[in-house]
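Since the structure comes first, as structure tokens, the remarks are kept for the end.
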Amino acid sequence: MTSDQIARNRWLALVAIRIVTAMGAVFGLIVLARAPDTAMRVLGAAIVLSALYAMAVVPRGLTAKWRSK
């Protein structure tokens, strides 16, 4: 693989991670909005917070890993 192909694949991976985590946050918001009881609201909030955390941490971790190679 050339360096351009590696860079493109890494960029696509970062974009895919951002899209999936954003979808997770939206799913958590839907669960939170339609929750019939407190336990489901807590679950929805936990899904939203974990998706936001993953959205912030995973791409930075991957770029740091790729930068060190």
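For the structure tokens, the naming scheme is as follows: chains receive sequential letters (A, B, ...) according to their order of presentation, residues are indexed from 1 within each chain, and ligands are indexed from 1 in presentation order.
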List the neighbours of Val26 of chain A out to 12 Å using only C-alpha atoms; skip same-chain residues closer than 2 positions along the sequence, and give me the result as a ChimeraX atom specification. /A:19-24,28-33,44-45,47-52
Which value, in Å to one decimal, gives the distance between atom CA of Ile17 of chain A and atom CA of Ala35 of chain A? 26.6 Å
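If you count only C-alpha atoms and ignore residues fewer than 6 places along the chain from Leu14 of chain A, what sits within 12 Å of it is Ala7, Arg8, Val20, Thr21, Ala54, Met55, Ala56, Val57, Val58, Pro59, Arg60, Gly61, Leu62, Thr63 and Trp66 of chain A.
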To one decimal in Å, tell me the separation between atom CA of Asn9 of chain A and atom CA of Phe27 of chain A.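 It comes out at 26.7 Å.
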